[in-house]
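Below is one structure, written out as structure tokens, with a few remarks after it.
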Amino acid sequence: MRPLPRFLKKGSPLLLAREVAWRIRKRWEKRRILAQMEERPCPVTFRNVPYYKPDISTFSRTSRDLLIAFADEVCEGRFPFLGYGTVGLGRRARWNVDFVSGLDWPQIPLENRQCMRFDGSDVKVPYELSRLQFLPILGKAHVITGEERYREMAKDLLSLWIQENPVGVGVNWSLAMEAALRGMSICFLLNLLSPFRVEEQTWLAGVTSSLWQHLVYIEANIEFSYLITSNHYLSNIVGLYCLSLFLEGGKMVHKRSFYRRQIETAILQQVYKDGGDYEASTGYHVLVTQMFTVALLLMRAGNDSPTSRFLERLQRMNHVMAGLASPSGELPHVGDCDDGRVELLLDDVEQMLSLPVSERNSLRVSNLLGLGKCLFDEGCGSVEDAKWYGLTDTNRITHLNPQVNPGSAPATTVFPNSGIGILQHRSAELLFLALPNGISGKGSHTHNDKLSFVLRVDGQEVLCDSGTGCYTREIATRNRFRSTAAHNTLMIDGTEQNRIYPGPLGLFTLGNEAAVSPIEEGRETQGYFLRASHTGYRSLRVTHTRTIRVVGDKSEFVIEDDLEGDGVHDFELNLQLVPNRNAEVIAAENGILFRVLGDRQVQLAVAGPTALHGSVQPSLVSTAFGVTVPAMKVRISGRATVPTRITTRISWADVTNTASSQSGSAKETNIRGAVTEGVCQA
């Protein structure tokens, strides 16, 4: 029997009572709200707001060509996806099919739980297609070129979708989040196509009626709870704010005000004070940052003024992203990532068009970083997408808190609430991960990655996180990528840090055994360190503490894994290499030495209190949802009496002092995104 979730245990009787009352009332509210769909005629009209404010003359040739090439693919019936490649679906796509497995869903009313069938299908495939995020790309191609074919294709595809997906019927009406993301895509398209001609008014009326249905459906099925909220609820209220902004009549003025306030409250609930998303995942940090950024851009378009607390928290979210980003604008994969987007940005478009699926990285987000740069002066990135919103490097929001944006990066940076530490030394950077389980312990998108780390040398990852793989398509793959052994940390007696529950019901929850300590940051006579511990092995009477040190001027990180407790235990240390990297084992007198093969020589020297066994083994890495790529990992194992210590020294060869100094400032001055003509300079 599964234990009562922690977030329920911690809930007060009053909170639990409110939740029960809400769930009872919600059933009645759903019927009442859905009855509004029967109103005839449609009680709202379309209201264009200037979400996009493009100056086409400022766009780079590369960004124009990318958008036009993407639109051309869609016009030919070929739909690009990050994780699935470009799929030929024709001009009459089947909206209810998982084109990977070939399985489909019936055109009947469905609940979300009925859509996850664990038969080899993945509901995310029709969901992603029906988010209609290709429509704004067609609209942008029309704006850039003036060609009618892009406008007509967007209108035809939208009409087809509305016709073949009647509200409340089928897989694409089974989740409020999907309706919200789709509703925003439609609003963005209408903004790009405005103003509308006389002969288009009938079409516009039909689309407006569909937008009204989207709004009513989301309100009736809103994913709210007094106990926990997540990116799903956030997508609902951002979508509702967007829809109420683009619609007139039907109490839309009241709804705009109400959902704006809900968004401003949500950022304080779902984002830590240091700016980290509380779902313990860099992938969802990106999605949630984009949701709040879109909300801010909508507020600006609708002449609404967000609160200073909202702006400051969003600024801090961008600060976290900038701190984690490599010089090329890539974030490490930590926790789940399903490639979720509110809008497709140029980083996504470029990868879909120019890279094989195995080389794509859904956390390559230079243009999202560029939006943060233009809005808050946080970090850097390509500003090509920012130009669509009329943003430049000089019209940003007034800087709110100078302490959030230091003039030069320190050797150590710690985000204490998020459980992330960054050590920079010479040409290398180590990202130390002590994230608490997400959503107050529920762990929906958390992995067993306590005290893991990611290593970059010269801005390129050498030791990486394994990624996500998939969700519901294959349970074994889902759990493999969440497991302790898939991360660069220590495993004791083959025990998971947090229990992984078998079967479908456990796919989006973890045990909460591995409570992490705050990251301790300190300086010593010859260097500095980061340290944290977790309690995931309490049942074994063992506590794992990891200290990462920089000592002196050596190009070296020293990692000390201390096991406190008693008894004799087996231990296993796994270190995941990025794809296309390999390693060789070299004999050593005390411990094991590994040489990582590649352009820059990196060595791993591991020593312990007893004989160690070392090998290089096949592994898998996933940097885009649904894609797994062969890779290699270093595995060290042994058996020792606790207390004990295992020491790993990671060293690398610095080419020149110039290269070393350049690495530390690369994020500040030379970040390159998907569109190199649009780089903003710090």
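Going by the structure tokens order, chains are called A, B, ..., each with residues numbered from 1, while ligands are numbered from 1 in the order shown.
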
*Write out as a list in words the residues lying within 8 Å of A:Leu15, counting only C-alpha atoms and excluding same-chain residues fewer than 3 positions away.*
Gly11, Ser12, Arg18, Glu19, Tyr226 and Leu227 of chain A

Put those residues in a file: C-alpha atoms, as an mmCIF file, in the first residue's frame.
data_model
loop_
_atom_site.group_PDB
_atom_site.id
_atom_site.type_symbol
_atom_site.label_atom_id
_atom_site.label_comp_id
_atom_site.auth_asym_id
_atom_site.auth_seq_id
_atom_site.Cartn_x
_atom_site.Cartn_y
_atom_site.Cartn_z
ATOM 1 C CA GLY A 11 -2.176 19.823 5.215
ATOM 2 C CA SER A 12 -4.110 21.318 8.087
ATOM 3 C CA ARG A 18 -11.556 23.395 1.957
ATOM 4 C CA GLU A 19 -10.219 20.935 -0.609
ATOM 5 C CA TYR A 226 -5.949 23.988 -2.384
ATOM 6 C CA LEU A 227 -3.291 21.338 -1.667
#

*Which residues come within 7 Å of A:Asp347, counting only C-alpha atoms, excluding same-chain residues fewer than 2 positions away, as a ChimeraX atom specification?*
/A:345,349-351,364-367,674

*Residue neighbourhood A:Thr45, 8 Å, only C-alpha atoms, exclusion window fewer than 3 positions, as a PyMOL selection string*: chain A and resi 42+205+208+247-249

Next, write the just-selected residues to a file, as a CSV table (one decimal), in the first residue's frame, keeping N, CA and C atoms as the atom set.
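The resulting file, out05.csv, is reproduced below:
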chain,number,residue,atom,x,y,z
A,42,CYS,N,-23.1,33.6,-30.0
A,42,CYS,CA,-21.9,33.7,-29.1
A,42,CYS,C,-21.9,35.0,-28.4
A,205,ALA,N,-15.8,34.9,-37.1
A,205,ALA,CA,-16.9,34.6,-36.1
A,205,ALA,C,-16.8,33.2,-35.6
A,208,THR,N,-13.9,32.9,-33.3
A,208,THR,CA,-14.2,33.5,-32.0
A,208,THR,C,-15.1,32.7,-31.2
A,247,LEU,N,-10.9,38.7,-26.1
A,247,LEU,CA,-12.4,38.6,-26.3
A,247,LEU,C,-13.0,39.8,-25.7
A,248,GLU,N,-14.2,40.3,-26.2
A,248,GLU,CA,-14.9,41.4,-25.7
A,248,GLU,C,-16.3,41.0,-25.4
A,249,GLY,N,-16.9,41.5,-24.3
A,249,GLY,CA,-18.2,41.1,-23.9
A,249,GLY,C,-18.1,39.9,-22.9

Mind checking DSSP for stretch 215-353 of chain A and telling me the strand (DSSP E or B) residues as a CSV table (one decimal) with C-alpha atoms, in the first residue's frame?
chain,number,residue,atom,x,y,z
A,247,LEU,CA,-12.4,38.6,-26.3
A,248,GLU,CA,-14.9,41.4,-25.7
A,271,VAL,CA,8.6,29.9,-7.6
A,277,ASP,CA,10.6,26.7,-10.1
A,330,GLU,CA,21.9,25.4,-23.1

*asked:* Excluding A:Ile237 and its own-chain neighbours fewer than 4 positions away, which residues fall within 9 Å of it when counting only C-alpha atoms? Please give them as a ChimeraX atom specification.
replied: /A:180,218-219,222,233,241-242,259-260,262-263

*Nearest to A:Val454 among A:Pro332, A:Gly441, A:Gly494, A:Gly469, with distances taken over only C-alpha atoms: which residue is it?*
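Nearest to A:Val454: A:Pro332.
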
*Atom pair atom CA of A:Glu564 / atom CA of A:Tyr537: separation (Å)*: 10.3 Å

*Hey, what's within 12 Å of A:Arg94 if we count only C-alpha atoms and toss same-chain stuff fewer than 5 positions away? As a ChimeraX atom specification, please?*
/A:77,88-89,99,102-107,125-127,129-130,157,160-161,164-165,170-172

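Using only C-alpha atoms, the smallest distance between any of A:Ser308, A:Thr265, A:Thr229, A:Ser235 and A:Val288 comes from A:Ser235.
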
*asked:* What does the structure give for the distance between atom CA of A:Val616 and atom CA of A:Leu490, in Å to one decimal?
replied: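 Value for the atom CA of A:Val616-atom CA of A:Leu490 distance: 16.3 Å.
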
*Please measure the separation of atom CA of A:Ser615 and atom CA of A:Gly598, giving the value in Å to one decimal.*
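Result for atom CA of A:Ser615 versus atom CA of A:Gly598: 18.0 Å, one decimal.
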
Near A:Ser533, counting only C-alpha atoms, which residues have an atom at most 6 Å away, once you skip same-chain residues fewer than 4 positions from it, shown as an mmCIF file with C-alpha atoms, in the first residue's frame?
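Saved the output as around.cif:
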data_model
loop_
_atom_site.group_PDB
_atom_site.id
_atom_site.type_symbol
_atom_site.label_atom_id
_atom_site.label_comp_id
_atom_site.auth_asym_id
_atom_site.auth_seq_id
_atom_site.Cartn_x
_atom_site.Cartn_y
_atom_site.Cartn_z
ATOM 1 C CA VAL A 516 18.341 17.362 1.323
ATOM 2 C CA SER A 517 20.210 19.814 3.481
ATOM 3 C CA HIS A 544 25.442 10.610 2.329
ATOM 4 C CA THR A 545 27.300 13.932 2.375
#

_Expected answer as a ChimeraX atom specification: helix (DSSP H, G or I) residues in stretch 29-142 of chain A_ = /A:29-38,56-58,61-75,112-115,124-130,135-142

*Quick one: residues within 12 Å of A:Trp212, only C-alpha atoms counted, chain neighbours fewer than 2 positions away excluded, as a PyMOL selection string?*
chain A and resi 33-34+36-46+167+179-180+183+186-187+205-210+214-219+239-240+242-252

_Given only C-alpha atoms as the basis, pick out the residue of A:Leu110, A:Val143, A:Ile56, A:Leu204 nearest to A:Ser159._
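Checking each candidate against A:Ser159, we get A:Leu204 as the closest.
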